[in-house]
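**Q** Sending over coords.csv (CSV, C-alpha atoms).
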```
chain,number,residue,atom,x,y,z
A,1,MET,CA,109.7,-98.8,102.4
A,2,SER,CA,110.4,-99.9,98.8
A,3,PHE,CA,109.1,-98.7,95.5
A,4,SER,CA,109.6,-99.9,91.9
A,5,LEU,CA,110.7,-97.9,88.9
A,6,ILE,CA,110.1,-99.3,85.5
A,7,LEU,CA,112.3,-98.0,82.6
A,8,CYS,CA,110.6,-99.0,79.3
A,9,PRO,CA,113.0,-99.5,76.4
A,10,LEU,CA,113.0,-96.3,74.4
A,11,ALA,CA,113.2,-98.3,71.2
A,12,ILE,CA,109.6,-99.3,71.8
A,13,ALA,CA,108.5,-95.8,72.5
A,14,MET,CA,110.3,-94.3,69.6
A,15,SER,CA,109.7,-97.2,67.1
A,16,VAL,CA,111.5,-95.6,64.2
A,17,SER,CA,114.1,-92.9,63.7
A,18,ALA,CA,111.8,-90.7,61.5
A,19,SER,CA,108.3,-89.5,62.5
A,20,SER,CA,105.5,-92.0,61.8
A,21,ALA,CA,104.2,-89.8,59.0
A,22,SER,CA,107.7,-89.5,57.4
A,23,LEU,CA,108.4,-93.2,57.6
A,24,GLY,CA,105.0,-93.9,56.1
A,25,LEU,CA,105.9,-91.7,53.2
A,26,LEU,CA,109.1,-93.7,52.7
A,27,LEU,CA,107.4,-97.1,53.1
A,28,ASN,CA,104.8,-96.1,50.5
A,29,ARG,CA,107.3,-96.5,47.7
A,30,SER,CA,107.9,-98.4,44.5
A,31,GLN,CA,110.6,-101.1,44.3
A,32,HIS,CA,113.1,-98.6,42.9
A,33,ALA,CA,114.8,-95.9,45.1
A,34,PRO,CA,113.4,-92.5,44.4
A,35,SER,CA,115.8,-89.9,43.2
A,36,LYS,CA,115.0,-87.4,46.0
A,37,LEU,CA,113.7,-88.2,49.4
A,38,PRO,CA,112.2,-85.6,51.7
A,39,VAL,CA,114.1,-84.2,54.7
A,40,LEU,CA,112.9,-86.1,57.8
A,41,THR,CA,112.8,-85.0,61.4
A,42,THR,CA,114.3,-87.8,63.5
A,43,ARG,CA,114.0,-88.5,67.2
A,44,PHE,CA,117.8,-88.4,67.7
A,45,ALA,CA,118.5,-85.5,70.2
A,46,ASP,CA,121.5,-86.4,72.3
A,47,GLU,CA,124.6,-85.8,70.1
A,48,ALA,CA,127.0,-88.0,72.1
A,49,LEU,CA,124.7,-91.0,72.3
A,50,PHE,CA,123.7,-90.7,68.7
A,51,LYS,CA,127.3,-90.6,67.5
A,52,GLN,CA,128.1,-93.5,69.8
A,53,THR,CA,125.3,-95.5,68.2
A,54,LEU,CA,126.6,-94.7,64.7
A,55,THR,CA,130.1,-95.7,65.7
A,56,GLU,CA,128.8,-99.0,67.2
A,57,HIS,CA,127.3,-99.7,63.8
A,58,GLY,CA,130.7,-99.3,62.2
A,59,LEU,CA,129.8,-96.0,60.6
A,60,THR,CA,132.3,-93.1,60.4
A,61,VAL,CA,130.9,-89.7,61.4
A,62,ARG,CA,132.3,-86.7,59.5
A,63,LYS,CA,131.5,-83.3,61.0
A,64,THR,CA,130.4,-80.7,58.5
A,65,GLY,CA,129.3,-77.9,60.9
A,66,ALA,CA,128.5,-77.0,64.5
A,67,ASP,CA,125.3,-79.2,64.5
A,68,ALA,CA,125.8,-81.1,61.3
A,69,PHE,CA,127.6,-84.3,60.2
A,70,ILE,CA,127.5,-86.9,57.4
A,71,THR,CA,127.8,-90.7,57.6
A,72,GLU,CA,127.9,-93.0,54.7
A,73,THR,CA,126.2,-96.4,54.7
A,74,GLY,CA,126.2,-99.1,52.1
A,75,ALA,CA,122.7,-98.0,51.2
A,76,GLY,CA,123.2,-94.3,50.9
A,77,VAL,CA,124.7,-91.1,52.5
A,78,LEU,CA,123.0,-89.7,55.6
A,79,HIS,CA,123.3,-86.0,56.3
A,80,TYR,CA,122.2,-85.1,59.8
A,81,PHE,CA,121.7,-81.5,60.9
A,82,ARG,CA,119.8,-79.3,63.4
A,83,SER,CA,119.4,-75.6,64.1
A,84,SER,CA,120.3,-75.9,67.8
A,85,ALA,CA,121.3,-78.4,70.4
A,86,SER,CA,117.8,-78.3,71.9
A,87,GLN,CA,116.3,-79.6,68.7
A,88,PRO,CA,116.3,-83.2,67.3
A,89,TYR,CA,118.4,-83.9,64.2
A,90,ARG,CA,116.9,-83.7,60.8
A,91,MET,CA,118.0,-86.2,58.2
A,92,GLU,CA,118.6,-85.8,54.5
A,93,VAL,CA,119.3,-89.0,52.5
A,94,GLN,CA,121.5,-88.7,49.5
A,95,ASN,CA,122.7,-91.2,46.8
A,96,VAL,CA,120.2,-93.9,47.8
A,97,ARG,CA,121.4,-97.2,46.4
A,98,ASP,CA,119.1,-99.6,48.3
A,99,LEU,CA,116.0,-98.1,49.9
A,100,PRO,CA,114.9,-101.3,51.8
A,101,ALA,CA,118.4,-101.8,53.2
A,102,LEU,CA,118.5,-98.1,54.1
A,103,LEU,CA,115.1,-98.4,56.0
A,104,ASP,CA,116.4,-101.5,57.8
A,105,ALA,CA,119.6,-99.7,58.8
A,106,LEU,CA,117.6,-96.7,60.1
A,107,GLU,CA,115.3,-98.9,62.2
A,108,SER,CA,118.4,-100.7,63.6
A,109,LEU,CA,120.0,-97.3,64.4
A,110,ASN,CA,116.9,-96.2,66.2
A,111,ARG,CA,116.6,-99.4,68.2
A,112,ASP,CA,120.2,-99.2,69.3
A,113,TYR,CA,120.0,-95.4,70.0
A,114,GLY,CA,117.0,-96.2,72.3
A,115,ARG,CA,119.0,-98.8,74.1
A,116,ASN,CA,121.9,-96.4,74.6
A,117,VAL,CA,119.6,-93.7,75.9
A,118,GLN,CA,117.9,-96.2,78.2
A,119,GLN,CA,121.3,-97.4,79.5
A,120,TYR,CA,122.5,-93.8,80.1
A,121,THR,CA,119.2,-93.0,81.9
A,122,CYS,CA,119.5,-96.1,84.1
A,123,GLU,CA,123.1,-95.3,85.0
A,124,THR,CA,122.1,-91.7,85.9
A,125,ILE,CA,119.2,-92.9,88.1
A,126,LEU,CA,121.5,-95.4,89.9
A,127,LYS,CA,124.0,-92.7,90.6
A,128,GLY,CA,121.2,-90.5,92.0
A,129,ILE,CA,120.0,-93.3,94.2
A,130,ARG,CA,123.4,-93.8,95.8
A,131,ALA,CA,124.0,-90.0,96.1
A,132,ASN,CA,120.7,-89.6,97.9
A,133,GLY,CA,121.2,-92.3,100.5
A,134,MET,CA,118.7,-94.8,98.9
A,135,LYS,CA,119.5,-98.4,98.3
A,136,LEU,CA,118.9,-100.5,95.2
A,137,ASP,CA,117.1,-103.7,96.3
A,138,SER,CA,117.0,-105.3,92.8
A,139,GLN,CA,117.5,-104.6,89.1
A,140,THR,CA,115.8,-106.9,86.6
A,141,VAL,CA,115.8,-106.8,82.8
A,142,LEU,CA,112.4,-108.2,81.7
A,143,GLU,CA,111.8,-110.1,78.4
A,144,ASP,CA,110.8,-106.9,76.5
A,145,ASP,CA,114.0,-105.1,77.7
A,146,THR,CA,112.1,-103.1,80.3
A,147,ILE,CA,114.3,-102.5,83.4
A,148,LEU,CA,112.6,-102.9,86.7
A,149,LEU,CA,114.4,-101.2,89.6
A,150,THR,CA,113.2,-101.8,93.2
A,151,ILE,CA,114.5,-99.1,95.5
A,152,SER,CA,114.5,-98.8,99.3
A,153,VAL,CA,114.0,-95.3,100.7
```
Go ahead and render the structure in this file as structure tokens.
**A**
Amino acid sequence: MSFSLILCPLAIAMSVSASSASLGLLLNRSQHAPSKLPVLTTRFADEALFKQTLTEHGLTVRKTGADAFITETGAGVLHYFRSSASQPYRMEVQNVRDLPALLDALESLNRDYGRNVQQYTCETILKGIRANGMKLDSQTVLEDDTILLTISV
């Protein structure tokens, strides 16, 4: 007997790094960067995968506390922090030099973070399949980056 498991790209599910309401607030802006942006709750929850994503973008991560770090982009400084490892990171933007470029960078980070989470999830599922005596019949990446796994049990 076979069954299929579909892993949708988390980038689609997450859409942006900030909540929809928070992003809407940023997008409803003038052409000039505001002097102070609100602190935003992101969807970034896995520290290792998030830092991997930042590094893949060529950004240096500077730790400032147990659950806090700063990274500097060409568009501004991003300060990420959270109260505990079970919470998503919150983001404070400082020294905004180019708000449209900053928003583009945040969307790109979110997309790539989603891909990294999806890849990690897929690898974990594949290990579990082998560990539980099942067999992977096929693995297909569809046009929308959805991963289709067909498994024999």
**Q** So that I can see what lies close to Thr71 (chain A), please list as a list in words the residues with an atom at most 12 Å from it, counting all atoms listed in the file and leaving out residues fewer than 6 positions away in the same chain.
**A**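 Residues meeting the cut-off are Phe50, Lys51, Thr53, Leu54, Thr55, His57, Gly58, Leu59, Thr60, Val61, Arg62, Lys63, Thr64, Val77, Leu78, His79, Tyr80, Phe81, Met91, Glu92, Val93, Gln94 and Asn95 of chain A.
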**Q** Quick one: residues within 10 Å of Gln87 (chain A), only C-alpha atoms, excluding same-chain residues fewer than 5 positions away - as a list in words?
**A** Thr41, Thr42, Arg43, Phe44, Ala45, Asp46, Asp67, Phe81 and Arg82 of chain A
**Q** Between A:Met134, A:Cys122, A:Ile129, A:Ala85, which residue has the minimum interatomic distance to Thr146 (chain A), considering all atoms listed in the file?
**A**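 Checking each candidate against Thr146 (chain A), we get A:Cys122 as the closest.
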**Q** Do you know which residues are at most 8 Å from region 47-49 of chain A counting all atoms listed in the file, after dropping those on the same chain fewer than 6 positions away, and could you put them as a list in words?
**A**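 In the requested format, the answer is Tyr113, Asn116 and Val117 of chain A.
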**Q** Residues within 10 Å of Leu126 (chain A), please, as a VMD selection string. Count all atoms listed in the file; anything in the same chain fewer than 4 positions from it doesn't count.
**A** chain A and resid 120 to 122 130 to 132 134 to 136 149 151
**Q** Please report the interatomic distance between CA of Leu37 (chain A) and CA of Ser83 (chain A) in Å with one decimal.
**A**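 The value is 20.2 Å.
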**Q** Separation of CA of Gly65 (chain A) and CA of Pro38 (chain A), in Å?
**A**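 CA of Pro38 (chain A) lies at a distance of 20.9 Å from CA of Gly65 (chain A).
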**Q** For the atom pair CA of Gln118 (chain A) and CA of Ser152 (chain A), what is the interatomic distance in Å to one decimal place?
**A**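 CA of Ser152 (chain A) lies at a distance of 21.5 Å from CA of Gln118 (chain A).
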**Q** I need the residue nearest Gln52 (chain A) from this list: A:Gly133, A:Ser138, A:Arg115, A:Asp144. Use all atoms listed in the file for the distance.
**A**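 Among the listed residues, the smallest separation from Gln52 (chain A) belongs to A:Arg115.
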**Q** Any chance you could model N, CA, C and O atoms for region 135-152 of chain A and send them as a CSV table (one decimal), keeping the file's coordinate frame?
**A**
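Contents of the output file out_27.csv:
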```
chain,number,residue,atom,x,y,z
A,135,LYS,N,118.8,-97.2,98.6
A,135,LYS,CA,119.5,-98.4,98.3
A,135,LYS,C,118.7,-99.2,97.2
A,135,LYS,O,117.5,-99.2,97.2
A,136,LEU,N,119.5,-99.7,96.2
A,136,LEU,CA,118.9,-100.5,95.2
A,136,LEU,C,118.7,-101.9,95.7
A,136,LEU,O,119.6,-102.6,96.0
A,137,ASP,N,117.4,-102.3,95.8
A,137,ASP,CA,117.1,-103.7,96.3
A,137,ASP,C,117.3,-104.7,95.1
A,137,ASP,O,117.9,-105.8,95.4
A,138,SER,N,116.9,-104.3,93.9
A,138,SER,CA,117.0,-105.3,92.8
A,138,SER,C,116.9,-104.5,91.5
A,138,SER,O,116.3,-103.5,91.4
A,139,GLN,N,117.6,-105.1,90.5
A,139,GLN,CA,117.5,-104.6,89.1
A,139,GLN,C,117.3,-105.8,88.2
A,139,GLN,O,118.1,-106.7,88.2
A,140,THR,N,116.2,-105.8,87.5
A,140,THR,CA,115.8,-106.9,86.6
A,140,THR,C,115.5,-106.4,85.2
A,140,THR,O,114.8,-105.4,85.1
A,141,VAL,N,116.1,-107.1,84.2
A,141,VAL,CA,115.8,-106.8,82.8
A,141,VAL,C,114.7,-107.8,82.4
A,141,VAL,O,115.0,-109.0,82.4
A,142,LEU,N,113.5,-107.3,82.1
A,142,LEU,CA,112.4,-108.2,81.7
A,142,LEU,C,112.6,-108.6,80.2
A,142,LEU,O,113.4,-108.1,79.5
A,143,GLU,N,111.7,-109.5,79.8
A,143,GLU,CA,111.8,-110.1,78.4
A,143,GLU,C,111.7,-109.0,77.3
A,143,GLU,O,112.3,-109.1,76.3
A,144,ASP,N,111.0,-107.9,77.6
A,144,ASP,CA,110.8,-106.9,76.5
A,144,ASP,C,111.9,-105.8,76.7
A,144,ASP,O,111.7,-104.7,76.1
A,145,ASP,N,112.9,-106.1,77.4
A,145,ASP,CA,114.0,-105.1,77.7
A,145,ASP,C,113.6,-104.0,78.6
A,145,ASP,O,114.4,-103.0,78.8
A,146,THR,N,112.5,-104.1,79.3
A,146,THR,CA,112.1,-103.1,80.3
A,146,THR,C,113.0,-103.4,81.5
A,146,THR,O,113.3,-104.5,81.8
A,147,ILE,N,113.5,-102.3,82.2
A,147,ILE,CA,114.3,-102.5,83.4
A,147,ILE,C,113.5,-102.2,84.6
A,147,ILE,O,112.9,-101.1,84.6
A,148,LEU,N,113.4,-103.1,85.5
A,148,LEU,CA,112.6,-102.9,86.7
A,148,LEU,C,113.6,-102.7,87.9
A,148,LEU,O,114.5,-103.6,88.2
A,149,LEU,N,113.6,-101.5,88.5
A,149,LEU,CA,114.4,-101.2,89.6
A,149,LEU,C,113.5,-101.2,90.9
A,149,LEU,O,112.5,-100.5,90.9
A,150,THR,N,113.9,-101.9,91.9
A,150,THR,CA,113.2,-101.8,93.2
A,150,THR,C,114.2,-101.1,94.2
A,150,THR,O,115.3,-101.5,94.4
A,151,ILE,N,113.7,-100.0,94.8
A,151,ILE,CA,114.5,-99.1,95.5
A,151,ILE,C,114.0,-99.0,97.0
A,151,ILE,O,112.8,-98.8,97.2
A,152,SER,N,114.9,-99.0,98.0
A,152,SER,CA,114.5,-98.8,99.3
A,152,SER,C,114.8,-97.3,99.7
A,152,SER,O,115.9,-96.8,99.4
```
